[in-house]
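Before any comments, here is the structure.
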Amino acid sequence: MKNLVRSFMILLILCGVEGEPNAAENRHGAENIGEITRLIELSKIKDVSYGFMRIAIENNRKRYSDVSEGKWREIEKFIYEEAERVSGVFMDRLVGVYARNFTNDEIRQLVRFAESPLGEKYFKATPLIYQEALRIGMELEKTVTVQVRQRLEKLQQPSQQRR
């Protein structure tokens, strides 16, 4: 169980727990920060993050099937509370990522797209698409892992026979 909690803490750290608060605002104009924040909200990135956490929880429930339902509710509550606690730092870091990768004009264009009917539809579907993409990737990874193991076992067989 400690490993499970540690895994989720690592996930939270990877999402941006550490770092200087408001670092993005220190490097970029406040107007652009506001537009980037608007774009992030419209893009449903927070929903995508929570979707990934749900998938991680599902996978760990299978892995740690001996953990009681009551304990899982405690763990899930802790995970979501921690995610909310660090969400401000996550946003600050994400604003910086957008600011480094897009000009002010591009951010304005992306906001206009996100507010359009097609943009709204796209961003509404994005969390579900990413969750499905993650599940598909994990399934394919398992298949590839099995194939790699089989090849490695075949490669080992001749050398083991020579002994």
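We label chains A, B, ... in the order they appear in the structure tokens, count residues from 1 in each chain, and number ligands from 1 in the order shown.
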Need to verify the contact set: A:Leu110, 10 Å, only C-alpha atoms, exclusion of same-chain residues closer than 2 positions in sequence. Can you return it as a PyMOL selection string?
chain A and resi 35-36+39+42-43+102+104-108+112-116+119
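Counting only C-alpha atoms, the residue from A:Gly137, A:Tyr122, A:Ser87, A:Arg151 that sits nearest to A:Lys46 is A:Ser87.
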Quick one: residues within 8 Å of stretch 50-55 of chain A, only C-alpha atoms counted, chain neighbours fewer than 6 positions away excluded, as a VMD selection string?
chain A and resid 127 to 128 131 134 to 135
Atom CA of A:Glu132 to atom CA of A:Asn60: how many Å, to one decimal?
17.4 Å
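Considering only C-alpha atoms, the residue among A:Gln150, A:Thr126, A:Thr143, A:Thr37 positioned nearest to A:Phe90 is A:Thr37.
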